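The file start.txt contains compact mmCIF, C-alpha atoms:
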```txt
# COMPACT_ATOMS: atom_id res chain seq x y z
CA MET A 167 35.75 10.38 2.20
CA LYS A 168 38.93 8.96 0.78
CA PHE A 169 40.49 8.77 4.20
CA LYS A 170 37.43 7.00 5.62
CA ASN A 171 37.45 4.33 2.92
CA ILE A 172 41.13 3.64 3.33
CA SER A 173 40.96 3.47 7.11
CA VAL A 174 37.96 1.12 7.18
CA LEU A 175 39.66 -1.25 4.74
CA PHE A 176 42.86 -1.01 6.79
CA VAL A 177 41.09 -2.03 10.01
CA ILE A 178 39.29 -4.94 8.30
CA LEU A 179 42.52 -6.24 6.75
CA LEU A 180 44.43 -5.91 10.00
CA LEU A 181 41.78 -7.78 12.01
CA PHE A 182 41.73 -10.48 9.32
CA TRP A 183 45.52 -10.84 9.48
CA LEU A 184 45.55 -11.06 13.27
CA ALA A 185 42.78 -13.65 13.34
CA LEU A 186 44.56 -15.71 10.70
CA ASN A 187 47.86 -15.62 12.56
CA ASN A 188 46.26 -16.17 15.92
CA SER A 189 49.03 -14.30 17.77
CA LEU A 190 49.82 -10.81 19.04
CA LYS A 191 53.63 -10.97 18.84
CA LEU A 192 55.29 -7.70 17.87
CA PRO A 193 56.73 -8.73 14.46
CA VAL A 194 53.42 -10.24 13.38
CA VAL A 195 51.51 -7.09 14.33
CA LEU A 196 54.05 -4.81 12.65
CA ILE A 197 54.00 -6.76 9.38
CA GLY A 198 50.22 -6.77 9.52
CA ILE A 199 50.07 -2.99 9.95
CA GLY A 200 52.54 -2.41 7.12
CA VAL A 201 50.93 -4.72 4.60
CA SER A 202 47.37 -3.66 5.46
CA ALA A 203 48.28 0.00 5.06
CA LEU A 204 49.95 -0.68 1.72
CA VAL A 205 47.05 -2.72 0.35
CA ALA A 206 44.47 -0.22 1.59
CA LEU A 207 46.34 2.68 0.01
CA LEU A 208 46.86 0.87 -3.29
CA PHE A 209 43.39 -0.56 -3.75
CA CYS A 210 41.07 1.83 -1.97
CA SER A 211 42.30 5.21 -3.14
CA LYS A 212 39.32 5.43 -5.51
CA CYS A 213 36.77 3.08 -4.00
CA SER A 214 33.50 4.27 -2.53
CA LEU A 215 32.32 1.14 -0.78
CA PHE A 216 32.07 2.53 2.75
CA ASN A 217 30.95 6.06 1.88
CA ASP A 218 27.49 5.66 3.37
CA MET A 219 28.60 3.95 6.55
CA LYS A 220 28.08 6.00 9.66
CA PHE A 221 30.27 5.85 12.72
CA SER A 222 28.37 6.86 15.81
CA PRO A 223 27.39 5.15 19.08
CA LYS A 224 23.86 4.82 17.73
CA ALA A 225 25.11 3.05 14.60
CA LEU A 226 27.20 0.70 16.74
CA VAL A 227 24.23 -0.23 18.94
CA ASN A 228 22.18 -0.85 15.81
CA THR A 229 24.90 -3.03 14.31
CA ILE A 230 24.87 -5.24 17.40
CA MET A 231 21.07 -5.33 17.41
CA PHE A 232 21.14 -6.25 13.73
CA LEU A 233 23.50 -9.17 14.38
CA VAL A 234 21.36 -10.42 17.26
CA VAL A 235 18.16 -10.25 15.21
CA PHE A 236 20.00 -11.89 12.31
CA PHE A 237 21.11 -14.88 14.35
CA ILE A 238 17.68 -15.33 15.91
CA GLU A 239 16.17 -15.28 12.41
CA LEU A 240 18.76 -17.78 11.18
CA VAL A 241 17.86 -20.26 13.92
CA LYS A 242 14.13 -19.66 13.38
CA SER A 243 14.52 -20.25 9.66
CA ASN A 244 16.22 -23.57 10.31
CA ILE A 245 13.49 -24.74 12.64
CA ASP A 246 11.00 -23.71 9.97
CA VAL A 247 12.88 -25.57 7.22
CA THR A 248 13.19 -28.68 9.40
CA ARG A 249 9.47 -28.65 10.08
CA ARG A 250 8.62 -28.31 6.40
CA VAL A 251 11.06 -30.97 5.21
CA LEU A 252 10.16 -33.61 7.77
CA SER A 253 6.39 -33.27 7.72
CA PRO A 254 4.82 -35.91 5.42
CA SER A 255 2.53 -33.55 3.51
CA LEU A 256 5.34 -31.13 2.53
CA PRO A 257 3.48 -27.90 3.46
CA ILE A 258 4.77 -25.46 0.85
CA ASN A 259 2.98 -22.71 -1.01
CA PRO A 260 5.75 -21.09 -3.04
CA GLY A 261 5.80 -18.02 -5.27
CA ILE A 262 7.75 -14.90 -6.14
CA VAL A 263 6.68 -11.64 -4.49
CA GLU A 264 7.90 -8.09 -4.88
CA VAL A 265 8.99 -5.94 -1.96
CA LYS A 266 10.27 -2.37 -1.78
CA THR A 267 13.14 -1.08 0.32
CA LYS A 268 13.78 2.41 1.64
CA LEU A 269 17.55 1.93 1.78
CA LYS A 270 19.54 4.12 -0.59
CA SER A 271 23.10 2.85 -0.27
CA LYS A 272 24.29 -0.12 -2.32
CA PHE A 273 26.12 -1.67 0.60
CA GLY A 274 23.04 -1.51 2.79
CA ARG A 275 20.92 -3.08 0.06
CA MET A 276 23.42 -5.89 -0.36
CA LEU A 277 23.33 -6.65 3.36
CA LEU A 278 19.55 -6.55 3.32
CA ALA A 279 19.34 -8.94 0.35
CA ASN A 280 21.73 -11.37 2.01
CA SER A 281 19.86 -11.25 5.30
CA ILE A 282 16.57 -11.91 3.51
CA THR A 283 18.10 -14.97 1.89
CA LEU A 284 19.03 -16.35 5.30
CA THR A 285 15.67 -15.75 6.99
CA PRO A 286 12.66 -18.08 7.17
CA GLY A 287 11.45 -19.24 3.77
CA THR A 288 12.66 -16.32 1.69
CA LEU A 289 15.26 -16.20 -1.09
CA THR A 290 16.21 -13.08 -3.04
CA VAL A 291 15.93 -13.87 -6.75
CA GLU A 292 16.43 -10.47 -8.35
CA VAL A 293 17.21 -6.92 -7.27
CA ILE A 294 16.11 -4.10 -9.58
CA GLU A 295 16.60 -0.58 -8.25
CA ASP A 296 14.57 -0.45 -5.03
CA SER A 297 12.52 -3.59 -5.70
CA PHE A 298 13.54 -6.97 -4.41
CA PHE A 299 11.92 -10.01 -6.00
CA ILE A 300 11.76 -12.73 -3.41
CA HIS A 301 10.97 -16.41 -3.70
CA TRP A 302 8.81 -17.14 -0.68
CA ILE A 303 8.31 -20.76 0.28
CA ASP A 304 4.95 -20.03 1.90
CA VAL A 305 3.30 -16.97 0.36
CA GLU A 306 1.09 -15.33 2.97
CA ASP A 307 0.51 -12.09 1.14
CA ASP A 308 1.39 -11.00 -2.38
CA GLU A 309 0.68 -7.26 -2.05
CA ILE A 310 3.85 -5.15 -2.20
CA GLY A 311 3.08 -3.21 0.99
CA SER A 312 2.20 -6.01 3.37
CA ALA A 313 4.84 -8.39 2.02
CA SER A 314 7.47 -5.68 2.49
CA LYS A 315 6.32 -5.23 6.04
CA LYS A 316 6.59 -8.94 6.82
CA ILE A 317 9.92 -9.65 5.13
CA VAL A 318 11.96 -6.47 5.01
CA GLU A 319 11.06 -4.32 7.98
CA LYS A 320 12.72 -6.23 10.79
CA PHE A 321 16.15 -5.73 9.20
CA GLU A 322 15.51 -2.43 7.50
CA LYS A 323 15.00 -0.43 10.66
CA TYR A 324 18.52 -1.28 11.86
CA LEU A 325 20.25 -0.94 8.50
CA GLU A 326 18.57 2.41 7.97
CA VAL A 327 20.36 3.86 10.98
CA ILE A 328 23.72 2.39 9.96
CA TYR A 329 23.69 3.20 6.25
CA GLY A 330 21.01 5.82 5.83
CA MET B 27 34.72 -29.29 26.81
CA GLU B 28 35.07 -32.07 24.27
CA ILE B 29 31.64 -33.43 25.09
CA ILE B 30 30.02 -30.01 24.61
CA GLY B 31 31.81 -29.66 21.28
CA ALA B 32 30.68 -33.11 20.21
CA ILE B 33 27.06 -32.33 21.07
CA ILE B 34 27.13 -29.06 19.11
CA THR B 35 28.73 -30.79 16.12
CA LEU B 36 26.06 -33.47 16.34
CA PHE B 37 23.38 -30.77 16.11
CA GLY B 38 25.19 -29.38 13.08
CA SER B 39 25.19 -32.77 11.39
CA PHE B 40 21.49 -33.16 12.11
CA VAL B 41 20.79 -29.83 10.40
CA LEU B 42 22.87 -30.91 7.41
CA LEU B 43 20.98 -34.22 7.31
CA VAL B 44 17.71 -32.30 7.17
CA ALA B 45 19.16 -30.24 4.32
CA SER B 46 19.94 -33.35 2.30
CA ILE B 47 16.52 -34.87 2.93
CA GLY B 48 15.07 -31.54 1.83
CA LEU B 49 17.04 -31.64 -1.41
CA VAL B 50 15.38 -34.93 -2.27
CA ARG B 51 11.87 -34.02 -1.18
CA MET B 52 11.45 -30.49 -2.55
CA PRO B 53 9.71 -30.26 -5.93
CA ASP B 54 11.69 -27.60 -7.83
CA VAL B 55 15.00 -25.75 -8.04
CA TYR B 56 13.91 -22.72 -6.04
CA ASN B 57 12.62 -24.66 -3.07
CA ARG B 58 15.71 -26.84 -3.06
CA LEU B 59 17.83 -23.71 -2.95
CA GLN B 60 15.77 -22.43 -0.02
CA VAL B 61 16.48 -25.55 2.01
CA GLY B 62 20.08 -25.77 0.83
CA THR B 63 21.01 -22.22 1.77
CA LYS B 64 19.55 -21.99 5.24
CA ALA B 65 20.25 -25.44 6.55
CA THR B 66 23.81 -25.64 5.24
CA THR B 67 24.63 -22.23 6.70
CA LEU B 68 23.53 -23.12 10.22
CA GLY B 69 24.80 -26.71 9.92
CA THR B 70 28.28 -25.61 8.95
CA ILE B 71 28.34 -22.87 11.59
CA LEU B 72 27.36 -25.34 14.30
CA SER B 73 29.98 -27.85 13.18
CA LEU B 74 32.67 -25.17 13.29
CA VAL B 75 31.54 -23.90 16.71
CA GLY B 76 31.70 -27.47 18.00
CA LEU B 77 35.21 -27.78 16.59
CA ALA B 78 36.16 -24.56 18.38
CA PHE B 79 35.14 -26.14 21.68
CA VAL B 80 37.25 -29.23 21.00
CA VAL B 81 40.34 -27.30 19.79
CA PRO B 82 40.24 -23.86 21.50
CA GLY B 83 43.45 -22.77 19.76
CA TRP B 84 41.68 -22.57 16.41
CA THR B 85 38.89 -20.26 17.55
CA ALA B 86 40.01 -17.14 15.69
CA LYS B 87 40.42 -18.99 12.41
CA LEU B 88 37.10 -20.74 12.81
CA ILE B 89 35.38 -17.39 13.40
CA LEU B 90 36.90 -16.18 10.12
CA LEU B 91 35.52 -19.26 8.38
CA ILE B 92 32.08 -18.62 9.84
CA ILE B 93 32.15 -15.01 8.64
CA PHE B 94 33.11 -16.12 5.14
CA ILE B 95 30.38 -18.76 5.03
CA MET B 96 27.81 -16.21 6.17
CA MET B 97 28.91 -13.78 3.48
CA THR B 98 29.28 -16.15 0.53
CA ASN B 99 26.44 -18.64 1.04
CA PRO B 100 23.54 -16.24 0.43
CA VAL B 101 25.32 -14.62 -2.52
CA SER B 102 25.90 -17.93 -4.30
CA SER B 103 22.35 -19.14 -3.81
CA HIS B 104 20.99 -15.78 -4.95
CA VAL B 105 23.00 -16.05 -8.16
CA LEU B 106 21.88 -19.65 -8.73
CA ALA B 107 18.23 -18.70 -8.24
CA ARG B 108 18.56 -15.68 -10.52
CA VAL B 109 20.18 -17.68 -13.31
CA ALA B 110 17.63 -20.47 -12.91
CA TYR B 111 14.88 -17.90 -13.29
CA PHE B 112 16.29 -16.24 -16.38
CA ILE B 113 16.98 -19.47 -18.25
CA LYS B 114 13.33 -20.30 -17.46
CA ILE B 115 13.62 -23.40 -15.35
CA PRO B 116 9.97 -24.27 -14.62
CA PHE B 117 8.30 -23.77 -11.27
CA THR B 118 6.46 -26.53 -9.49
CA SER B 119 2.72 -26.67 -10.13
CA ARG B 120 2.09 -25.63 -6.52
CA THR B 121 3.52 -22.16 -7.17
CA VAL B 122 0.89 -19.54 -6.43
CA THR B 123 2.33 -16.28 -7.78
CA ASP B 124 5.19 -14.86 -9.87
CA LYS B 125 5.43 -11.10 -9.51
CA LEU B 126 8.73 -10.91 -11.38
CA LYS B 127 7.12 -12.15 -14.59
CA LEU B 128 4.40 -9.52 -14.40
CA SER B 129 6.76 -6.68 -13.55
CA ASP B 130 7.64 -4.28 -16.39
CA LYS B 131 11.03 -3.61 -14.75
CA ALA B 132 12.03 -7.23 -15.27
CA LEU B 133 11.07 -7.13 -18.94
CA ARG B 134 13.24 -4.10 -19.44
CA ILE B 135 16.24 -5.82 -17.90
CA GLU B 136 15.70 -8.99 -19.89
CA HIS B 137 15.59 -7.20 -23.25
CA GLU B 138 18.54 -4.94 -22.65
CA PRO B 139 21.11 -5.12 -25.46
CA LYS B 140 24.22 -7.06 -24.60
```
Show me, as structure tokens, the structure contained in the file I just sent.
Amino acid sequence: MKFKNISVLFVILLLFWLALNNSLKLPVVLIGIGVSALVALLFCSKCSLFNDMKFSPKALVNTIMFLVVFFIELVKSNIDVTRRVLSPSLPINPGIVEVKTKLKSKFGRMLLANSITLTPGTLTVEVIEDSFFIHWIDVEDDEIGSASKKIVEKFEKYLEVIYG
Amino acid sequence: MEIIGAIITLFGSFVLLVASIGLVRMPDVYNRLQVGTKATTLGTILSLVGLAFVVPGWTAKLILLIIFIMMTNPVSSHVLARVAYFIKIPFTSRTVTDKLKLSDKALRIEHEPK
């Protein structure tokens, strides 16, 4: 577990360094490896952030699918917002609804809450245990079950495979 | 290349324009946040992608910027909405439901000792 946390942080830091430097020259890469290893060892020897992350081909496929769905939803949400803002009657029907998630890991829940915020007409207001309270710009359904199905499910099925 | 970049950036500016119109038109804090979050995220991403077409050498750095915007934008608007809710900023009269107010979990959190 410890090794996994440190190595994930190491890879993230190294990729960040390389992107920031925008070059693959030997000294740059070597300094990046050294500093990333040092920082990862110093700061992640006790952290548990990536404990629930799974590394398997299936998880990788699901990560890519998640990103694709996420970007489609982002564009859809913008078209939706544009339509609502520019139409003269301002068609909104706002309210706060409660939805439940099946995800157990904190990291997965965080990703889910952030994705909900960036999808059409929904904004996460509060997270309490496994309930998300969501401000919905156009409330179609205020029952927990059906609202969960409409808002959460499209992301949850991918995150479930990645984070369990 | 430059023309493609300019067109994409133009789209980005249009999305940001919609966001600012939305800020004026929406009736309460929560709806303004809705418009602000989504439209500024895509608007900024499109502007940066357009810039990447114009100056290809910056692509890696611009991708980093996009990742940071995608990670921080929803978090900040979530925090703003949460704080607005707990200091009881009123909803617009068109609001139809507030499940958080009725939930006993929320009451427990609110009355927790500091």
What are the nearest atom pairs, with distances in Å to one decimal, for all residues of chain A that come at most 9 Å from chain B, using only C-alpha atoms, set out by chain and rising residue number as JSON lines?
```
{"residue": "A:Phe182", "atom": "CA", "partner": "B:Leu90", "partner_atom": "CA", "distance": 7.5}
{"residue": "A:Leu184", "atom": "CA", "partner": "B:Ala86", "partner_atom": "CA", "distance": 8.6}
{"residue": "A:Ala185", "atom": "CA", "partner": "B:Ala86", "partner_atom": "CA", "distance": 5.0}
{"residue": "A:Leu186", "atom": "CA", "partner": "B:Lys87", "partner_atom": "CA", "distance": 5.6}
{"residue": "A:Asn187", "atom": "CA", "partner": "B:Lys87", "partner_atom": "CA", "distance": 8.2}
{"residue": "A:Asn188", "atom": "CA", "partner": "B:Ala86", "partner_atom": "CA", "distance": 6.3}
{"residue": "A:Leu240", "atom": "CA", "partner": "B:Leu68", "partner_atom": "CA", "distance": 7.2}
{"residue": "A:Val241", "atom": "CA", "partner": "B:Leu68", "partner_atom": "CA", "distance": 7.3}
{"residue": "A:Ser243", "atom": "CA", "partner": "B:Lys64", "partner_atom": "CA", "distance": 6.9}
{"residue": "A:Asn244", "atom": "CA", "partner": "B:Ala65", "partner_atom": "CA", "distance": 5.8}
{"residue": "A:Val247", "atom": "CA", "partner": "B:Val61", "partner_atom": "CA", "distance": 6.3}
{"residue": "A:Thr248", "atom": "CA", "partner": "B:Val44", "partner_atom": "CA", "distance": 6.2}
{"residue": "A:Arg250", "atom": "CA", "partner": "B:Gly48", "partner_atom": "CA", "distance": 8.5}
{"residue": "A:Val251", "atom": "CA", "partner": "B:Gly48", "partner_atom": "CA", "distance": 5.3}
{"residue": "A:Leu252", "atom": "CA", "partner": "B:Val44", "partner_atom": "CA", "distance": 7.7}
{"residue": "A:Leu256", "atom": "CA", "partner": "B:Met52", "partner_atom": "CA", "distance": 8.0}
{"residue": "A:Ile258", "atom": "CA", "partner": "B:Arg120", "partner_atom": "CA", "distance": 7.8}
{"residue": "A:Asn259", "atom": "CA", "partner": "B:Thr121", "partner_atom": "CA", "distance": 6.2}
{"residue": "A:Pro260", "atom": "CA", "partner": "B:Thr121", "partner_atom": "CA", "distance": 4.8}
{"residue": "A:Gly261", "atom": "CA", "partner": "B:Thr123", "partner_atom": "CA", "distance": 4.6}
{"residue": "A:Ile262", "atom": "CA", "partner": "B:Asp124", "partner_atom": "CA", "distance": 4.5}
{"residue": "A:Val263", "atom": "CA", "partner": "B:Lys125", "partner_atom": "CA", "distance": 5.2}
{"residue": "A:Glu264", "atom": "CA", "partner": "B:Lys125", "partner_atom": "CA", "distance": 6.0}
{"residue": "A:Ala279", "atom": "CA", "partner": "B:Pro100", "partner_atom": "CA", "distance": 8.4}
{"residue": "A:Asn280", "atom": "CA", "partner": "B:Pro100", "partner_atom": "CA", "distance": 5.4}
{"residue": "A:Ser281", "atom": "CA", "partner": "B:Pro100", "partner_atom": "CA", "distance": 7.9}
{"residue": "A:Ile282", "atom": "CA", "partner": "B:Pro100", "partner_atom": "CA", "distance": 8.8}
{"residue": "A:Thr283", "atom": "CA", "partner": "B:Pro100", "partner_atom": "CA", "distance": 5.8}
{"residue": "A:Leu284", "atom": "CA", "partner": "B:Lys64", "partner_atom": "CA", "distance": 5.7}
{"residue": "A:Thr285", "atom": "CA", "partner": "B:Lys64", "partner_atom": "CA", "distance": 7.6}
{"residue": "A:Pro286", "atom": "CA", "partner": "B:Lys64", "partner_atom": "CA", "distance": 8.2}
{"residue": "A:Gly287", "atom": "CA", "partner": "B:Gln60", "partner_atom": "CA", "distance": 6.6}
{"residue": "A:Thr288", "atom": "CA", "partner": "B:Gln60", "partner_atom": "CA", "distance": 7.1}
{"residue": "A:Leu289", "atom": "CA", "partner": "B:Gln60", "partner_atom": "CA", "distance": 6.3}
{"residue": "A:Thr290", "atom": "CA", "partner": "B:His104", "partner_atom": "CA", "distance": 5.8}
{"residue": "A:Val291", "atom": "CA", "partner": "B:Arg108", "partner_atom": "CA", "distance": 4.9}
{"residue": "A:Glu292", "atom": "CA", "partner": "B:Arg108", "partner_atom": "CA", "distance": 6.0}
{"residue": "A:Ile294", "atom": "CA", "partner": "B:Lys131", "partner_atom": "CA", "distance": 7.3}
{"residue": "A:Phe299", "atom": "CA", "partner": "B:Leu126", "partner_atom": "CA", "distance": 6.3}
{"residue": "A:Ile300", "atom": "CA", "partner": "B:Leu126", "partner_atom": "CA", "distance": 8.7}
{"residue": "A:His301", "atom": "CA", "partner": "B:Tyr56", "partner_atom": "CA", "distance": 7.3}
{"residue": "A:Trp302", "atom": "CA", "partner": "B:Asn57", "partner_atom": "CA", "distance": 8.8}
{"residue": "A:Ile303", "atom": "CA", "partner": "B:Asn57", "partner_atom": "CA", "distance": 6.7}
{"residue": "A:Val305", "atom": "CA", "partner": "B:Val122", "partner_atom": "CA", "distance": 7.6}
{"residue": "A:Asp308", "atom": "CA", "partner": "B:Thr123", "partner_atom": "CA", "distance": 7.6}
```
Excluding Leu226 (chain A) and residues on its chain fewer than 6 positions from it, collect all residues at most 12 Å away from it, counting all atoms listed in the file, and give them as a PDB file with C-alpha atoms, in the frame of the given file.
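Listed below is the output, result.pdb:
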```
ATOM      1  CA  MET A 219      28.600   3.950   6.550  1.00  0.00           C
ATOM      2  CA  LYS A 220      28.080   6.000   9.660  1.00  0.00           C
ATOM      3  CA  PHE A 232      21.140  -6.250  13.730  1.00  0.00           C
ATOM      4  CA  LEU A 233      23.500  -9.170  14.380  1.00  0.00           C
ATOM      5  CA  TYR A 324      18.520  -1.280  11.860  1.00  0.00           C
ATOM      6  CA  LEU A 325      20.250  -0.940   8.500  1.00  0.00           C
ATOM      7  CA  VAL A 327      20.360   3.860  10.980  1.00  0.00           C
ATOM      8  CA  ILE A 328      23.720   2.390   9.960  1.00  0.00           C
ATOM      9  CA  TYR A 329      23.690   3.200   6.250  1.00  0.00           C
TER      10      TYR A 329
END
```
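Between CA of Phe298 (chain A) and CA of Val265 (chain A) the interatomic distance comes to 5.3 Å.
CA of Ile245 (chain A) sits 15.0 Å away from CA of Ile71 (chain B).
The gap separating CA of Leu190 (chain A) from CA of Ile95 (chain B) is 25.2 Å, in Å to one decimal.
Using only C-alpha atoms, every residue with an atom at most 10 Å from the point (10.9, -10.6, 9.2) is listed here: Val235, Phe236, Glu239, Ser281, Ile282, Thr285, Pro286, Thr288, Ala313, Ser314, Lys315, Lys316, Ile317, Val318, Glu319, Lys320, Phe321 and Glu322 of chain A.
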Just to be explicit: take each residue in the selection above, keep C-alpha atoms, and write the result as a tab-separated table (two decimals), keeping the file's coordinate frame.
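Okay, result_27.tsv is ready:
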```tsv
chain	number	residue	atom	x	y	z
A	235	VAL	CA	18.16	-10.25	15.21
A	236	PHE	CA	20.00	-11.89	12.31
A	239	GLU	CA	16.17	-15.28	12.41
A	281	SER	CA	19.86	-11.25	5.30
A	282	ILE	CA	16.57	-11.91	3.51
A	285	THR	CA	15.67	-15.75	6.99
A	286	PRO	CA	12.66	-18.08	7.17
A	288	THR	CA	12.66	-16.32	1.69
A	313	ALA	CA	4.84	-8.39	2.02
A	314	SER	CA	7.47	-5.68	2.49
A	315	LYS	CA	6.32	-5.23	6.04
A	316	LYS	CA	6.59	-8.94	6.82
A	317	ILE	CA	9.92	-9.65	5.13
A	318	VAL	CA	11.96	-6.47	5.01
A	319	GLU	CA	11.06	-4.32	7.98
A	320	LYS	CA	12.72	-6.23	10.79
A	321	PHE	CA	16.15	-5.73	9.20
A	322	GLU	CA	15.51	-2.43	7.50
```
Could you give me, as a PyMOL selection string, the residues within 6 Å of region 30-39 of chain B, counting only C-alpha atoms and dropping anything in the same chain fewer than 6 positions from it?
chain B and resi 69+72-73+76+79-80
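Non-sequential neighbours of Leu180 (chain A) (distance at most 9 Å, separation of 4 or more positions within a chain, all atoms listed in the file) are Leu175, Phe176, Leu184, Ala185, Val195, Gly198, Ile199, Val201, Ser202 and Ala203 of chain A.
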N, CA, C and O atoms modelled onto region 31-46 of chain B, as a tab-separated table (two decimals), in the frame of the given file:
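selection.tsv, freshly written:
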```tsv
chain	number	residue	atom	x	y	z
B	31	GLY	N	31.50	-29.81	22.70
B	31	GLY	CA	31.81	-29.66	21.28
B	31	GLY	C	31.17	-30.75	20.45
B	31	GLY	O	30.59	-30.49	19.39
B	32	ALA	N	31.25	-31.99	20.96
B	32	ALA	CA	30.68	-33.11	20.21
B	32	ALA	C	29.17	-32.95	20.06
B	32	ALA	O	28.61	-33.21	18.99
B	33	ILE	N	28.52	-32.48	21.14
B	33	ILE	CA	27.06	-32.33	21.07
B	33	ILE	C	26.70	-31.26	20.04
B	33	ILE	O	25.79	-31.45	19.20
B	34	ILE	N	27.45	-30.13	20.07
B	34	ILE	CA	27.13	-29.06	19.11
B	34	ILE	C	27.36	-29.54	17.68
B	34	ILE	O	26.55	-29.30	16.78
B	35	THR	N	28.46	-30.27	17.47
B	35	THR	CA	28.73	-30.79	16.12
B	35	THR	C	27.64	-31.76	15.68
B	35	THR	O	27.25	-31.80	14.52
B	36	LEU	N	27.14	-32.54	16.66
B	36	LEU	CA	26.06	-33.47	16.34
B	36	LEU	C	24.82	-32.72	15.86
B	36	LEU	O	24.19	-33.10	14.86
B	37	PHE	N	24.49	-31.61	16.56
B	37	PHE	CA	23.38	-30.77	16.11
B	37	PHE	C	23.61	-30.29	14.68
B	37	PHE	O	22.71	-30.33	13.84
B	38	GLY	N	24.85	-29.85	14.43
B	38	GLY	CA	25.19	-29.38	13.08
B	38	GLY	C	24.95	-30.45	12.04
B	38	GLY	O	24.37	-30.20	10.98
B	39	SER	N	25.37	-31.68	12.36
B	39	SER	CA	25.19	-32.77	11.39
B	39	SER	C	23.72	-33.06	11.17
B	39	SER	O	23.30	-33.37	10.06
B	40	PHE	N	22.93	-32.93	12.27
B	40	PHE	CA	21.49	-33.16	12.11
B	40	PHE	C	20.90	-32.14	11.14
B	40	PHE	O	20.12	-32.50	10.25
B	41	VAL	N	21.31	-30.86	11.29
B	41	VAL	CA	20.79	-29.83	10.40
B	41	VAL	C	21.18	-30.13	8.95
B	41	VAL	O	20.38	-29.99	8.02
B	42	LEU	N	22.43	-30.57	8.76
B	42	LEU	CA	22.87	-30.91	7.41
B	42	LEU	C	22.11	-32.10	6.85
B	42	LEU	O	21.79	-32.15	5.66
B	43	LEU	N	21.78	-33.06	7.74
B	43	LEU	CA	20.98	-34.22	7.31
B	43	LEU	C	19.61	-33.76	6.82
B	43	LEU	O	19.14	-34.19	5.76
B	44	VAL	N	19.01	-32.84	7.59
B	44	VAL	CA	17.71	-32.30	7.17
B	44	VAL	C	17.84	-31.64	5.80
B	44	VAL	O	16.97	-31.79	4.93
B	45	ALA	N	18.95	-30.90	5.61
B	45	ALA	CA	19.16	-30.24	4.32
B	45	ALA	C	19.18	-31.26	3.19
B	45	ALA	O	18.55	-31.05	2.15
B	46	SER	N	19.86	-32.39	3.40
B	46	SER	CA	19.94	-33.35	2.30
B	46	SER	C	18.61	-34.05	2.06
B	46	SER	O	18.23	-34.30	0.91
```
